[in-house]
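**Q** Please see the structure below; I have some questions.
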Amino acid sequence: MGWKSIVSNSKDRVMKAGPVLRMMSDDRVMRVADAILDAPGRVRAAAGKAAEAWDVLVHGYALPEMDPSMMPDDAMVASPSRPPHNKTSAPSDRAVGLDRDDVSDVQKLEDQMAARISIAGQAGRDVFQKCHEFKAADNARKMGVYPYFRPLDFNDGPEAMLEGRRVLMLGSNNYLGLTTHPKVRAAATEAIRKYGTSMTGSRLVNGSMVLHKELEEKLAAFHGKEAALVFTTGYQVNIATLAALLSNKHTVALIDRSDHASIYDGVRLGVAVGARMVRYRHNDAESLDRQLESLDANTGAFVITDGVFSADGEVANLPDLVRVAKKHRARIMVDDAHALGVIGPVGRGTAAHFGVEQDVDLIGGTFSKSLASIGGWLVGERKVLDYVQHFASSFMFAASAAPPNVAAAMAALEVMQEETWRIDDLRKNYTYMREELTKMGWDVGHSQTAVIPLYVRKDLRTIMMWKELLDNYGVYTNPFISPGVPPKQACLRTSYMATHTKEHLDRALEAFQAVGKKFGILGKGEKGSTKSES
Ligand SMILES: Cc1ncc(COP(=O)(O)O)c(C=O)c1O
C-alpha cells in the first residue's frame, strides 16, 4: 500500500468516527469552521467594498437600469432597427368611438395612463404612497374599459366563455390546441391520482421525482443536447439561468432590446452583483458585432435573444447572431417560448429552423404555450446545467413543477411529434391571417409566426378597440400597451391556434376590418392601405 492510500484510509477512518461526526455536525463547530474558511473571502469583500466606496466618491452613484420601455430611446445603448412604417394622421382617441359626454373622462384617463409609468419612480417617506396615487386602473374599471385580470368561465380551445358568453379566443398561446387533448388531460389526471397535486419542495431537496428526470431526458433527446433541466415556470428559466451565469463584474449580458421581461429581470440580478447589461439594436447582428467588438478581451460575453419575439412574432436572425457570437467567442442563449411547436422541423424551434442547433449553447422555453401546461425547460451542456442547478437561488429555493404539470407537458411533447398535422395547420392559419390582415391594410410589423400584432400605436385607442372587438364582435384579443411594450408600439396582440377553423378566422377578419375603420386605422375603402403611425 503506497503512502498516499495509507494517509487517505486513515483520514476516512477519522472522519467516520462517531465523536468526529457529532462534532462536525454541531452548528457551533460549523459556524467556527465557516468563519475560518470564509476569512480570505471577507478580506477580499472588504477590499471590494473599499474600491466601490472610492468609485462612488469619485463618480457618484449610477442609477439602476430600468425597464427599457420606461426609458427614453436615447438613454438606451441602441434604438430599434425597424424601418419606419407609413405615417398617417390618425384621428385623436378623443374623437373616435365616443359620445361627447365621455370625452372629459377619457381625457382624464388618458392623462392618468400617461402618468402611471412615472408613478413607479416616485419618492417619499412611505413606499405605499405611489399605490394610493395610482388611479388609472380604478378609473378604467369605473369606465368599463379595464382589460386585464378578467376571469374566464372556461377556456377550452379556440373559443372561450367570458361572463356567460362564448368568445373567439385570439389571446391564448395554446398554439397546438393541446390543453384539452385527451392524452394530455389523461396524463395530468393520472399523475394527480398517482403522485398527488404538488411536490411541496424544491428540486434541490424533496421536489425532484422520476417524472422530472424522464421529461428532462426526453427534452434533451428532442433537441439533440447533452442534458435538460425542468423548471417551475419559463420565467424562472431566465431569471435562474442568467443570475447563475452573470455572477460577477467580468461578465456582460448582450440582449436584444425587445427581449422578454424575464430576460431583463434575469440580467438585472446579474447587474446587482456587478455584471453589465448592454442592449443591441433589435434583431441586428451588426449592432451586436459592434457591441462585442468594444468589450475587453477578458470579458465573458453572453448573448441572449428571444427565438420568436413574444410581442410581435418576429423570428430572430439566428444564423447571423450565432456567427457574430462565435467570432467573439461569446456564449449564446435562445428563449424559444414562442418557437417550440411553431417553427423548425417537428416544431423544434428557432435553432432547428435555421439548422444551427449545435451552435447555440443554451435553449430555454416554457411549457405554458405549445406544451399546454405550466413549467419551463433548458437544454445544453451537462456541466453548465449542473452549475445552474447548484447556483441559481430562484431554482434552488422555489418549489418544483407539480406532477400533473410535468406529466401534461410530457404528453404534449409526445402528441406534438405524433400529430404533426397540428403544426402544419397552425402554420396555415397564421400565414392566412398575416396575409389577409396585410391586404386589409393593417400594420402587422415583422410577424412571421403565430403571434400577430395589429399596431395601433396609441395606448388608450388600443384599449378602446380591444373593448369594441370584445363587446360588439365577441373577439378576444390582448391589448399590449406601454410599459409592457415600448412607447408607440401599442397593439392588439393576436395569436393563433392549430384548432382555429377557417370560419373562426374569417369572423375575426370581418371584426378587425370594421373596428379598424371605425377607429380610423384602416382607410374607408374596401382594401384601405392606411398604416398607423410609428
Ligand atoms: C419569451 C418568453 N419567455 C419566457 C416567458 C415566461 O414563461 P412562463 O409563462 O412559463 O413563466 C414567456 C411567457 O410569456 C415568454 O413569452
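Quick note on naming: the chains in the C-alpha cells go A, B, ... in the order shown, residues restart at 1 in each chain, and ligands are numbered from 1 in order of appearance.
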Using only C-alpha atoms and all ligand atoms, what are the residues with an atom within 8 Å of ligand 1, set out as number ranges by chain?

**A** A: 232-238, 259-263, 306-311, 335-338, 365-369, 374-376

**Q** Can you pull out every residue within 8 Å of Met169 in chain A, counting only C-alpha atoms, but drop anything in the same chain fewer than 4 positions away, and send it as number ranges by chain?

**A** A: 157-160, 475-477

**Q** Find the residues near Leu176 in chain A: any atom within 9 Å, counting only C-alpha atoms, skip ones fewer than 4 places away on the same chain, and give them as a list in words.

**A** Gly341, Val342, Lys369, Ser370, Leu371, Ala372, Met416, Arg422, Ile423, Asp425, Leu426, Tyr496, Met497, Ala498 and Thr499 of chain A

**Q** Fewer than 6 positions away in the same chain doesn't count, so skip those; otherwise give me all residues within 10 Å of Val515 in chain A, counting only C-alpha atoms, as a PyMOL selection string.

**A** chain A and resi 97+464-466+468-469+472-473+509+521-522

**Q** If you keep C-alpha atoms, can you produce a file of those selected residues as a PDB file, in the first residue's frame?

**A**
ATOM      1  CA  GLY A  97     -65.934  55.853 -30.924  1.00  0.00           C
ATOM      2  CA  MET A 464     -60.903  51.151 -26.768  1.00  0.00           C
ATOM      3  CA  MET A 465     -60.504  48.971 -29.844  1.00  0.00           C
ATOM      4  CA  TRP A 466     -59.997  45.928 -27.650  1.00  0.00           C
ATOM      5  CA  GLU A 468     -65.165  47.244 -29.169  1.00  0.00           C
ATOM      6  CA  LEU A 469     -63.895  43.914 -30.519  1.00  0.00           C
ATOM      7  CA  ASN A 472     -69.588  44.067 -30.229  1.00  0.00           C
ATOM      8  CA  TYR A 473     -67.920  41.189 -32.065  1.00  0.00           C
ATOM      9  CA  LEU A 509     -61.054  39.347 -40.111  1.00  0.00           C
ATOM     10  CA  ILE A 521     -56.685  52.853 -38.527  1.00  0.00           C
ATOM     11  CA  LEU A 522     -57.890  51.489 -41.865  1.00  0.00           C
TER      12      LEU A 522
END

**Q** Could you pull out all residues of range 394-487 of chain A with a DSSP call of helix (DSSP H, G or I) and give them as an NGL selection string?

**A** :A and (394-396 or 403-418 or 421-440 or 459-473)

**Q** Compare A:Ile452, A:Leu219, A:Ala508, A:Ala227 by their minimum atom-to-atom distance to Gly380 in chain A, counting only C-alpha atoms, and give me the closest one.

**A** A:Ala227

**Q** What parts of range 203-418 of chain A does DSSP call strand (DSSP E or B)? I'd like the answer as a PyMOL selection string.

**A** chain A and resi 227-231+251-256+276-280+300-306+308+315+331-335+362-366+376-380+399

**Q** Please produce a file of those selected residues containing N, CA and C atoms, as a tab-separated table (two decimals), in the first residue's frame.

**A**
chain	number	residue	atom	x	y	z
A	227	ALA	N	-28.00	17.58	-22.08
A	227	ALA	CA	-28.82	17.49	-20.87
A	227	ALA	C	-29.96	18.50	-20.91
A	228	ALA	N	-30.91	18.31	-20.00
A	228	ALA	CA	-32.03	19.26	-19.87
A	228	ALA	C	-32.34	19.44	-18.40
A	229	LEU	N	-32.98	20.58	-18.10
A	229	LEU	CA	-33.39	20.86	-16.73
A	229	LEU	C	-34.84	21.35	-16.80
A	230	VAL	N	-35.68	20.81	-15.92
A	230	VAL	CA	-37.08	21.24	-15.88
A	230	VAL	C	-37.26	22.23	-14.72
A	231	PHE	N	-37.89	23.35	-15.01
A	231	PHE	CA	-38.13	24.41	-14.04
A	231	PHE	C	-39.63	24.53	-13.74
A	251	THR	N	-18.56	39.75	-16.33
A	251	THR	CA	-19.49	39.23	-17.34
A	251	THR	C	-20.38	40.35	-17.88
A	252	VAL	N	-20.71	40.22	-19.17
A	252	VAL	CA	-21.59	41.20	-19.81
A	252	VAL	C	-22.71	40.44	-20.53
A	253	ALA	N	-23.94	40.86	-20.25
A	253	ALA	CA	-25.07	40.28	-20.97
A	253	ALA	C	-25.38	41.18	-22.15
A	254	LEU	N	-25.43	40.62	-23.34
A	254	LEU	CA	-25.80	41.40	-24.53
A	254	LEU	C	-27.18	40.96	-24.94
A	255	ILE	N	-28.15	41.85	-24.79
A	255	ILE	CA	-29.53	41.43	-25.04
A	255	ILE	C	-30.20	42.31	-26.09
A	256	ASP	N	-31.10	41.67	-26.82
A	256	ASP	CA	-31.90	42.38	-27.81
A	256	ASP	C	-32.84	43.33	-27.06
A	276	ARG	N	-22.59	43.48	-16.37
A	276	ARG	CA	-23.08	44.63	-17.13
A	276	ARG	C	-24.16	44.20	-18.11
A	277	MET	N	-25.10	45.13	-18.39
A	277	MET	CA	-26.11	44.85	-19.42
A	277	MET	C	-25.87	45.78	-20.59
A	278	VAL	N	-25.77	45.20	-21.78
A	278	VAL	CA	-25.64	46.01	-22.99
A	278	VAL	C	-26.76	45.58	-23.92
A	279	ARG	N	-27.49	46.57	-24.47
A	279	ARG	CA	-28.56	46.22	-25.40
A	279	ARG	C	-28.11	46.50	-26.83
A	280	TYR	N	-28.37	45.53	-27.71
A	280	TYR	CA	-28.07	45.81	-29.12
A	280	TYR	C	-29.38	46.07	-29.86
A	300	GLY	N	-16.37	38.06	-20.11
A	300	GLY	CA	-17.20	36.91	-20.50
A	300	GLY	C	-18.50	37.43	-21.09
A	301	ALA	N	-18.65	37.31	-22.41
A	301	ALA	CA	-19.84	37.88	-23.07
A	301	ALA	C	-20.90	36.80	-23.25
A	302	PHE	N	-22.15	37.17	-22.97
A	302	PHE	CA	-23.26	36.22	-23.03
A	302	PHE	C	-24.41	36.88	-23.79
A	303	VAL	N	-24.70	36.35	-24.96
A	303	VAL	CA	-25.75	36.93	-25.80
A	303	VAL	C	-27.06	36.19	-25.51
A	304	ILE	N	-28.13	36.96	-25.29
A	304	ILE	CA	-29.42	36.31	-25.01
A	304	ILE	C	-30.49	36.94	-25.90
A	305	THR	N	-31.18	36.08	-26.63
A	305	THR	CA	-32.24	36.59	-27.51
A	305	THR	C	-33.48	35.71	-27.44
A	306	ASP	N	-34.65	36.31	-27.64
A	306	ASP	CA	-35.86	35.51	-27.88
A	306	ASP	C	-35.65	34.81	-29.23
A	308	VAL	N	-38.40	33.52	-31.05
A	308	VAL	CA	-39.51	34.25	-31.68
A	308	VAL	C	-39.88	35.34	-30.68
A	315	VAL	N	-39.12	36.42	-36.06
A	315	VAL	CA	-38.13	35.36	-35.80
A	315	VAL	C	-36.74	35.99	-35.69
A	331	ARG	N	-20.86	33.34	-25.59
A	331	ARG	CA	-21.86	32.27	-25.46
A	331	ARG	C	-23.21	32.83	-25.87
A	332	ILE	N	-24.08	31.96	-26.35
A	332	ILE	CA	-25.40	32.44	-26.79
A	332	ILE	C	-26.53	31.55	-26.26
A	333	MET	N	-27.57	32.22	-25.78
A	333	MET	CA	-28.76	31.51	-25.28
A	333	MET	C	-30.00	32.01	-26.02
A	334	VAL	N	-30.89	31.08	-26.36
A	334	VAL	CA	-32.12	31.46	-27.08
A	334	VAL	C	-33.32	31.07	-26.22
A	335	ASP	N	-34.25	32.01	-26.04
A	335	ASP	CA	-35.50	31.72	-25.34
A	335	ASP	C	-36.54	31.37	-26.40
A	362	LEU	N	-27.26	27.41	-25.20
A	362	LEU	CA	-28.38	27.08	-24.32
A	362	LEU	C	-29.69	27.44	-25.02
A	363	ILE	N	-30.67	26.55	-24.93
A	363	ILE	CA	-32.01	26.87	-25.45
A	363	ILE	C	-32.99	26.64	-24.31
A	364	GLY	N	-33.85	27.64	-24.07
A	364	GLY	CA	-34.83	27.50	-23.00
A	364	GLY	C	-36.21	27.80	-23.49
A	365	GLY	N	-37.19	27.52	-22.65
A	365	GLY	CA	-38.56	27.82	-23.06
A	365	GLY	C	-39.53	27.50	-21.94
A	366	THR	N	-40.77	27.41	-22.31
A	366	THR	CA	-41.84	27.24	-21.33
A	366	THR	C	-42.73	26.07	-21.71
A	376	GLY	N	-41.04	25.14	-17.13
A	376	GLY	CA	-40.05	25.64	-18.10
A	376	GLY	C	-38.95	24.62	-18.32
A	377	TRP	N	-38.18	24.82	-19.38
A	377	TRP	CA	-37.12	23.87	-19.72
A	377	TRP	C	-35.90	24.61	-20.23
A	378	LEU	N	-34.75	23.95	-20.02
A	378	LEU	CA	-33.49	24.49	-20.52
A	378	LEU	C	-32.68	23.30	-21.00
A	379	VAL	N	-32.10	23.40	-22.20
A	379	VAL	CA	-31.24	22.31	-22.68
A	379	VAL	C	-29.86	22.87	-23.02
A	380	GLY	N	-28.85	22.03	-22.86
A	380	GLY	CA	-27.48	22.46	-23.17
A	380	GLY	C	-26.47	21.47	-22.62
A	399	ALA	N	-40.42	25.91	-5.08
A	399	ALA	CA	-40.99	24.56	-5.26
A	399	ALA	C	-40.93	24.12	-6.72

**Q** Considering only C-alpha atoms, return as a count of residues only whatever protein or nucleic-acid residues lie within 8 Å of Ile343 in chain A, sequence-local ones (same chain, fewer than 6 positions apart) excluded.

**A** 4

**Q** Between CA of Pro486 in chain A and CA of Ala514 in chain A, what distance in Å does the model show, to one decimal?

**A**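 A separation of 26.7 Å between them.
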